[in-house]
Amino acid sequence: MANTNILSEDKVKENILLRPVSIDIKNITVSFPTPKGEYIAVKDINLDIRKGEIISLIGHSGCGKSTLMSTISGMVKPSNGEVIVNGKKVTGAGPDRGIVFQNYSLLPWLTVYQNIYEAVDSCIQNISTDEKHLTVEKHLEMVNLTPHKDKLPKQLSGGMKQRVAIARAFAINPSVLLLDEPFGALDALTKGTMHVELLKLWNLDNRNKTIIMVTHDIEEAIFLSDRIVVLNNGPAATIKEIEIVDLPRPRNKKDIVNLPEYKTIRERLLNLLVDKFSIEDEGVKFEE
Ligand SMILES: Nc1ncnc2c1ncn2[C@@H]1O[C@H](COP(=O)(O)OP(=O)(O)OP(=O)(O)O)[C@@H](O)[C@H]1O
């Protein structure tokens with residue numbers, strides 16, 4: 001039987017549209033100069049993302065997901081179009097956008113505590129030193145890393161490093177969090193824990209932070225997201241489809257996988273992504 005808590009697709013769309021716009025991606029085209037001439041990575045991307053939404057970007061390798069993220073972060077300048085974050089045009093990186101990459105990007109010579117403190121110290125100007133220390137301690141506690149605060153990154157597991165990177169991103173209190181394959185290098189169990197940690201932090205902040213995440217993992221995208229943006233293959237990749245994830249929150253991984261709505265969304269995403277593989281598989285011959 002269908003879960004009666006599940007809103008209709010129209011209702012979910014209506015609820016999303018009631019929230020203020022957080023990120024407005026307007027007609028973005030990004031091209032790179034290459035020895036063979038200009039390479040257009042993404043073309044004419046239009047997307048408005050509402051405050052507190054969790055959006056996943058998925059698509060085949062090389063389709064332009066990271067390019068789009070880097071454009072939102074301000075690290076890549078679009079050749080056409082503009083990105084507006086909280087009403088302001090993006091012209092470079094800024095503390096209103098926290099970034100977490102797959103490779104953690106922690107400073108190896110600083111302890112866990114110092115890695116977070118340095119970020120807080122350089123991004124938040126209007127609080128006292130004591131308040132900065134309190135912010136670091138609060139976020140360490142939120143990701144259960146207080147006992148490990150004096151360790152160097154090399155003394156941590158992959159999951160712990162990623163928790164530091166996420167705590168650091170939340171500690172600077174950006175309104176937008178950009179996660180580029182944040183859990184890609186983690187084993188399935190640690191990944192599952194990290195999903196819950198991320199949602200815990202998002203909930204503690206009253207679901208106010210807008211989160212955009214690049215992932216290759218369909219289940220991860222469905223579990224976390226409000227909407228999933230599927231990109232076409234490049235060059236000149238465009239948006240192929242936007243899938244609304246109309247599953248109730250809080251979500252429990254064990255329960256939602258059994259919902260018919262979950263299966264429908266998963267099936268739709270697989271169909272959108274899978275045709276490339278079926279063509280490649282045609283020529284495969286198996287030895288008897
Ligand atoms: N600085 C650059 N110069 C030239 N080409 C680039 C540059 N950055 C990215 N590209 C090209 O743009 C395309 C999109 O790259 P991008 O890294 O955004 O893809 P992606 O979808 O994130 O891939 P993956 O899933 O493998 O991480 C690729 O063809 C890539 O080679």
# chains A, B, ... in the order shown; residues from 1 in each chain; ligands from 1

call {"tool": "residues_near_ligand", "arguments": {"ligand": "ligand 1", "cutoff": "7 Å", "atoms": "only C-alpha atoms and all ligand atoms", "output": "ChimeraX atom specification"}}
result
/A:32-34,39,41,59-68,234-235

call {"tool": "residues_around", "arguments": {"residues": "A:Ile256", "least_positions_apart": "4", "cutoff": "10 Å", "atoms": "only C-alpha atoms", "output": "number ranges by chain"}}
result
A: 3, 222-223, 247-249, 251-252, 260-263

call {"tool": "write_last_selection", "arguments": {"atoms": "C-alpha atoms", "output": "short mmCIF file (atom, residue, chain, number, x, y, z; two decimals), in the first residue's frame"}}
result
data_model
loop_
_atom_site.label_atom_id
_atom_site.label_comp_id
_atom_site.auth_asym_id
_atom_site.auth_seq_id
_atom_site.Cartn_x
_atom_site.Cartn_y
_atom_site.Cartn_z
CA ASN A 3 2.48 5.59 2.09
CA ILE A 222 17.42 9.55 -3.49
CA PHE A 223 18.00 9.18 0.25
CA LEU A 247 9.55 10.87 -0.03
CA PRO A 248 8.66 11.96 3.52
CA ARG A 249 11.30 13.23 5.97
CA ARG A 251 13.84 9.33 6.04
CA ASN A 252 14.92 5.98 7.30
CA PRO A 260 6.88 1.86 -4.15
CA GLU A 261 7.66 5.56 -4.68
CA TYR A 262 11.34 4.92 -3.94
CA LYS A 263 11.42 2.07 -6.44
#

call {"tool": "atom_distance", "arguments": {"atom1": "atom CA of A:Ile49", "atom2": "atom CA of A:Asn86"}}
result
10.4 Å

call {"tool": "select_by_dssp", "arguments": {"residues": "stretch 77-252 of chain A", "states": "strand (DSSP E)", "output": "PyMOL selection string"}}
result
chain A and resi 80-85+88-89+97-101+176-180+210-214+227-231+239-244

call {"tool": "closest_residue", "arguments": {"among": "A:Ser22, A:Ser157, A:Ser56, A:Asn15", "to": "A:Asp187", "atoms": "only C-alpha atoms"}}
result
A:Ser157

call {"tool": "residues_around", "arguments": {"residues": "A:Thr71", "least_positions_apart": "4", "cutoff": "9 Å", "atoms": "only C-alpha atoms", "output": "list in words"}}
result
Ile28, Val30, Ser66, Thr67, Met75, Val76, Lys77, Pro78, Glu82, Val83, Val90 and Gly92 of chain A

call {"tool": "residues_around", "arguments": {"residues": "A:Val85", "least_positions_apart": "2", "cutoff": "10 Å", "atoms": "only C-alpha atoms", "output": "ChimeraX atom specification"}}
result
/A:21-25,49,72-73,82-83,87-90,96-97,175-176

call {"tool": "write_last_selection", "arguments": {"atoms": "N, CA and C atoms", "output": "PDB file, in the first residue's frame"}}
result
ATOM      1  N   VAL A  21      14.251  31.881  -3.131  1.00  0.00           N
ATOM      2  CA  VAL A  21      15.323  31.368  -4.000  1.00  0.00           C
ATOM      3  C   VAL A  21      16.653  31.531  -3.283  1.00  0.00           C
ATOM      4  N   SER A  22      17.448  30.474  -3.284  1.00  0.00           N
ATOM      5  CA  SER A  22      18.773  30.529  -2.661  1.00  0.00           C
ATOM      6  C   SER A  22      19.832  30.702  -3.758  1.00  0.00           C
ATOM      7  N   ILE A  23      19.708  29.888  -4.791  1.00  0.00           N
ATOM      8  CA  ILE A  23      20.681  29.945  -5.886  1.00  0.00           C
ATOM      9  C   ILE A  23      19.929  30.000  -7.210  1.00  0.00           C
ATOM     10  N   ASP A  24      20.261  30.992  -8.001  1.00  0.00           N
ATOM     11  CA  ASP A  24      19.618  31.105  -9.306  1.00  0.00           C
ATOM     12  C   ASP A  24      20.699  30.942 -10.381  1.00  0.00           C
ATOM     13  N   ILE A  25      20.626  29.827 -11.064  1.00  0.00           N
ATOM     14  CA  ILE A  25      21.607  29.559 -12.124  1.00  0.00           C
ATOM     15  C   ILE A  25      20.943  29.981 -13.429  1.00  0.00           C
ATOM     16  N   ILE A  49      17.259  27.092  -7.256  1.00  0.00           N
ATOM     17  CA  ILE A  49      17.318  26.206  -6.101  1.00  0.00           C
ATOM     18  C   ILE A  49      16.827  27.001  -4.899  1.00  0.00           C
ATOM     19  N   ILE A  72      29.244  27.562  -9.423  1.00  0.00           N
ATOM     20  CA  ILE A  72      28.453  28.085  -8.296  1.00  0.00           C
ATOM     21  C   ILE A  72      29.397  28.572  -7.186  1.00  0.00           C
ATOM     22  N   SER A  73      30.497  27.841  -6.999  1.00  0.00           N
ATOM     23  CA  SER A  73      31.431  28.230  -5.929  1.00  0.00           C
ATOM     24  C   SER A  73      32.193  29.503  -6.291  1.00  0.00           C
ATOM     25  N   GLU A  82      24.941  33.797 -15.556  1.00  0.00           N
ATOM     26  CA  GLU A  82      25.406  34.186 -14.223  1.00  0.00           C
ATOM     27  C   GLU A  82      24.749  33.327 -13.158  1.00  0.00           C
ATOM     28  N   VAL A  83      25.444  33.278 -12.014  1.00  0.00           N
ATOM     29  CA  VAL A  83      24.884  32.573 -10.867  1.00  0.00           C
ATOM     30  C   VAL A  83      24.623  33.616  -9.788  1.00  0.00           C
ATOM     31  N   GLY A  87      20.692  36.542  -3.829  1.00  0.00           N
ATOM     32  CA  GLY A  87      20.471  37.850  -4.424  1.00  0.00           C
ATOM     33  C   GLY A  87      21.722  38.530  -4.969  1.00  0.00           C
ATOM     34  N   LYS A  88      22.906  37.922  -4.755  1.00  0.00           N
ATOM     35  CA  LYS A  88      24.141  38.571  -5.220  1.00  0.00           C
ATOM     36  C   LYS A  88      24.814  37.748  -6.306  1.00  0.00           C
ATOM     37  N   LYS A  89      25.282  38.433  -7.341  1.00  0.00           N
ATOM     38  CA  LYS A  89      25.962  37.737  -8.437  1.00  0.00           C
ATOM     39  C   LYS A  89      27.296  37.158  -7.937  1.00  0.00           C
ATOM     40  N   VAL A  90      27.556  35.903  -8.287  1.00  0.00           N
ATOM     41  CA  VAL A  90      28.817  35.265  -7.884  1.00  0.00           C
ATOM     42  C   VAL A  90      29.948  35.783  -8.768  1.00  0.00           C
ATOM     43  N   ASP A  96      29.951  32.589   2.032  1.00  0.00           N
ATOM     44  CA  ASP A  96      28.540  32.181   2.026  1.00  0.00           C
ATOM     45  C   ASP A  96      28.372  30.805   1.377  1.00  0.00           C
ATOM     46  N   ARG A  97      29.464  30.283   0.784  1.00  0.00           N
ATOM     47  CA  ARG A  97      29.410  28.965   0.139  1.00  0.00           C
ATOM     48  C   ARG A  97      30.534  28.067   0.669  1.00  0.00           C
ATOM     49  N   SER A 175      25.482  29.748   3.951  1.00  0.00           N
ATOM     50  CA  SER A 175      24.071  29.471   3.679  1.00  0.00           C
ATOM     51  C   SER A 175      23.944  28.370   2.620  1.00  0.00           C
ATOM     52  N   VAL A 176      25.044  28.162   1.893  1.00  0.00           N
ATOM     53  CA  VAL A 176      25.042  27.151   0.835  1.00  0.00           C
ATOM     54  C   VAL A 176      26.214  26.199   1.052  1.00  0.00           C
TER      55      VAL A 176
END

call {"tool": "residues_around", "arguments": {"residues": "stretch 267-276 of chain A", "least_positions_apart": "4", "cutoff": "12 Å", "atoms": "only C-alpha atoms", "output": "ChimeraX atom specification"}}
result
/A:57-61,63,216-219,221-222,227-233,239-245,260-263,280-282

call {"tool": "select_by_dssp", "arguments": {"residues": "stretch 42-251 of chain A", "states": "alpha helix (DSSP H)", "output": "PyMOL selection string"}}
result
chain A and resi 65-73+112-123+129-142+158-171+188-204+218-224

call {"tool": "atom_distance", "arguments": {"atom1": "atom CA of A:Asp150", "atom2": "atom CA of A:Thr135"}}
result
16.2 Å

call {"tool": "residues_around", "arguments": {"residues": "stretch 158-166 of chain A", "least_positions_apart": "3", "cutoff": "8 Å", "atoms": "only C-alpha atoms", "output": "PyMOL selection string"}}
result
chain A and resi 100+102+104-106+112+116+140+143+145+153+169-170+182-183+185-186+190-191+194+198

call {"tool": "write_last_selection", "arguments": {"atoms": "C-alpha atoms", "output": "PDB file, in the first residue's frame"}}
result
ATOM      1  CA  VAL A 100      33.577  19.826   0.652  1.00  0.00           C
ATOM      2  CA  GLN A 102      36.051  13.973  -2.048  1.00  0.00           C
ATOM      3  CA  TYR A 104      38.801  16.086   2.233  1.00  0.00           C
ATOM      4  CA  SER A 105      41.280  18.937   1.572  1.00  0.00           C
ATOM      5  CA  LEU A 106      42.394  19.159   5.211  1.00  0.00           C
ATOM      6  CA  VAL A 112      41.536  18.293  13.592  1.00  0.00           C
ATOM      7  CA  ILE A 116      38.289  23.796  11.857  1.00  0.00           C
ATOM      8  CA  LEU A 140      33.419  18.712  16.712  1.00  0.00           C
ATOM      9  CA  VAL A 143      30.253  14.910  14.323  1.00  0.00           C
ATOM     10  CA  LEU A 145      35.129  13.906  16.916  1.00  0.00           C
ATOM     11  CA  PRO A 153      44.673  14.161   9.434  1.00  0.00           C
ATOM     12  CA  ALA A 169      32.111  23.487   6.270  1.00  0.00           C
ATOM     13  CA  PHE A 170      29.187  23.769   8.714  1.00  0.00           C
ATOM     14  CA  PRO A 182      31.900  13.982  -0.623  1.00  0.00           C
ATOM     15  CA  PHE A 183      31.413  10.308   0.186  1.00  0.00           C
ATOM     16  CA  ALA A 185      35.891   7.339  -1.383  1.00  0.00           C
ATOM     17  CA  LEU A 186      34.126   5.782   1.588  1.00  0.00           C
ATOM     18  CA  THR A 190      30.813   4.601   6.583  1.00  0.00           C
ATOM     19  CA  LYS A 191      28.917   6.252   3.737  1.00  0.00           C
ATOM     20  CA  MET A 194      27.894  10.002   6.906  1.00  0.00           C
ATOM     21  CA  LEU A 198      24.857  15.181   7.173  1.00  0.00           C
TER      22      LEU A 198
END

call {"tool": "atom_distance", "arguments": {"atom1": "atom CA of A:Lys149", "atom2": "atom CA of A:Leu204"}}
result
21.4 Å

call {"tool": "closest_residue", "arguments": {"among": "A:Glu141, A:Ile40, A:Tyr113, A:Lys51", "to": "A:Leu17", "atoms": "only C-alpha atoms"}}
result
A:Lys51

call {"tool": "closest_residue", "arguments": {"among": "A:Leu110, A:Glu220, A:His133, A:Asp255", "to": "A:Ala188", "atoms": "only C-alpha atoms"}}
result
A:Glu220

call {"tool": "decode", "arguments": {"residues": "stretch 134-238 of chain A", "atoms": "C-alpha atoms", "output": "short mmCIF file (atom, residue, chain, number, x, y, z; two decimals), in the first residue's frame"}}
result
data_model
loop_
_atom_site.label_atom_id
_atom_site.label_comp_id
_atom_site.auth_asym_id
_atom_site.auth_seq_id
_atom_site.Cartn_x
_atom_site.Cartn_y
_atom_site.Cartn_z
CA LEU A 134 33.00 27.45 21.16
CA THR A 135 31.93 27.15 17.51
CA VAL A 136 34.75 24.69 16.84
CA GLU A 137 33.91 22.64 19.93
CA LYS A 138 30.20 22.54 19.07
CA HIS A 139 30.85 21.27 15.56
CA LEU A 140 33.42 18.71 16.71
CA GLU A 141 30.82 17.40 19.12
CA MET A 142 28.15 17.30 16.39
CA VAL A 143 30.25 14.91 14.32
CA ASN A 144 31.50 12.96 17.38
CA LEU A 145 35.13 13.91 16.92
CA THR A 146 35.87 15.59 20.25
CA PRO A 147 38.04 12.66 21.44
CA HIS A 148 40.11 12.97 18.24
CA LYS A 149 40.51 16.74 18.19
CA ASP A 150 44.29 16.72 18.69
CA LYS A 151 45.04 14.21 15.95
CA LEU A 152 46.61 15.10 12.62
CA PRO A 153 44.67 14.16 9.43
CA LYS A 154 47.10 11.30 8.71
CA GLN A 155 46.05 9.68 12.00
CA LEU A 156 42.38 9.57 10.96
CA SER A 157 40.30 7.11 8.93
CA GLY A 158 38.67 8.25 5.67
CA GLY A 159 35.27 8.62 7.34
CA MET A 160 36.76 10.67 10.18
CA LYS A 161 38.55 12.97 7.73
CA GLN A 162 35.31 13.49 5.87
CA ARG A 163 33.52 14.28 9.15
CA VAL A 164 36.18 16.94 9.87
CA ALA A 165 35.68 18.41 6.38
CA ILE A 166 31.91 18.51 6.88
CA ALA A 167 32.17 19.94 10.42
CA ARG A 168 34.53 22.61 9.06
CA ALA A 169 32.11 23.49 6.27
CA PHE A 170 29.19 23.77 8.71
CA ALA A 171 31.25 25.69 11.30
CA ILE A 172 31.76 28.65 9.00
CA ASN A 173 27.97 28.69 8.76
CA PRO A 174 27.58 29.19 5.02
CA SER A 175 24.07 29.47 3.68
CA VAL A 176 25.04 27.15 0.83
CA LEU A 177 27.00 23.93 1.08
CA LEU A 178 28.60 22.51 -2.06
CA LEU A 179 29.56 18.85 -1.77
CA ASP A 180 31.51 17.39 -4.69
CA GLU A 181 31.37 13.60 -4.37
CA PRO A 182 31.90 13.98 -0.62
CA PHE A 183 31.41 10.31 0.19
CA GLY A 184 32.79 8.80 -3.02
CA ALA A 185 35.89 7.34 -1.38
CA LEU A 186 34.13 5.78 1.59
CA ASP A 187 32.99 2.20 2.11
CA ALA A 188 29.23 1.55 2.11
CA LEU A 189 28.92 1.37 5.90
CA THR A 190 30.81 4.60 6.58
CA LYS A 191 28.92 6.25 3.74
CA GLY A 192 25.62 5.32 5.39
CA THR A 193 26.76 6.84 8.69
CA MET A 194 27.89 10.00 6.91
CA HIS A 195 24.48 10.40 5.24
CA VAL A 196 22.85 10.35 8.65
CA GLU A 197 25.48 12.79 10.04
CA LEU A 198 24.86 15.18 7.17
CA LEU A 199 21.09 15.13 7.64
CA LYS A 200 21.58 15.53 11.41
CA LEU A 201 23.60 18.71 10.85
CA TRP A 202 21.07 19.97 8.30
CA ASN A 203 18.20 19.31 10.76
CA LEU A 204 20.04 20.96 13.67
CA ASP A 205 20.27 24.05 11.49
CA ASN A 206 16.47 23.88 10.96
CA ARG A 207 16.96 22.70 7.38
CA ASN A 208 18.00 26.20 6.42
CA LYS A 209 21.16 25.35 4.55
CA THR A 210 20.91 24.78 0.85
CA ILE A 211 22.97 21.76 -0.13
CA ILE A 212 24.11 20.81 -3.62
CA MET A 213 25.86 17.50 -3.96
CA VAL A 214 27.56 15.77 -6.87
CA THR A 215 27.25 12.02 -6.70
CA HIS A 216 27.43 8.90 -8.83
CA ASP A 217 25.36 6.98 -6.33
CA ILE A 218 21.64 6.85 -7.18
CA GLU A 219 20.60 5.48 -3.76
CA GLU A 220 22.57 8.22 -2.02
CA ALA A 221 20.93 10.86 -4.21
CA ILE A 222 17.42 9.55 -3.49
CA PHE A 223 18.00 9.18 0.25
CA LEU A 224 19.33 12.72 0.70
CA SER A 225 17.72 14.90 -1.95
CA ASP A 226 14.60 16.93 -2.52
CA ARG A 227 15.38 17.06 -6.24
CA ILE A 228 17.85 15.21 -8.44
CA VAL A 229 19.21 16.99 -11.51
CA VAL A 230 20.31 14.60 -14.25
CA LEU A 231 22.76 16.01 -16.78
CA ASN A 232 23.12 14.88 -20.38
CA ASN A 233 26.49 13.72 -21.62
CA GLY A 234 28.86 16.42 -22.80
CA PRO A 235 30.19 18.22 -24.66
CA ALA A 236 27.75 21.08 -24.17
CA ALA A 237 25.86 19.12 -21.52
CA THR A 238 22.38 20.35 -20.65
#
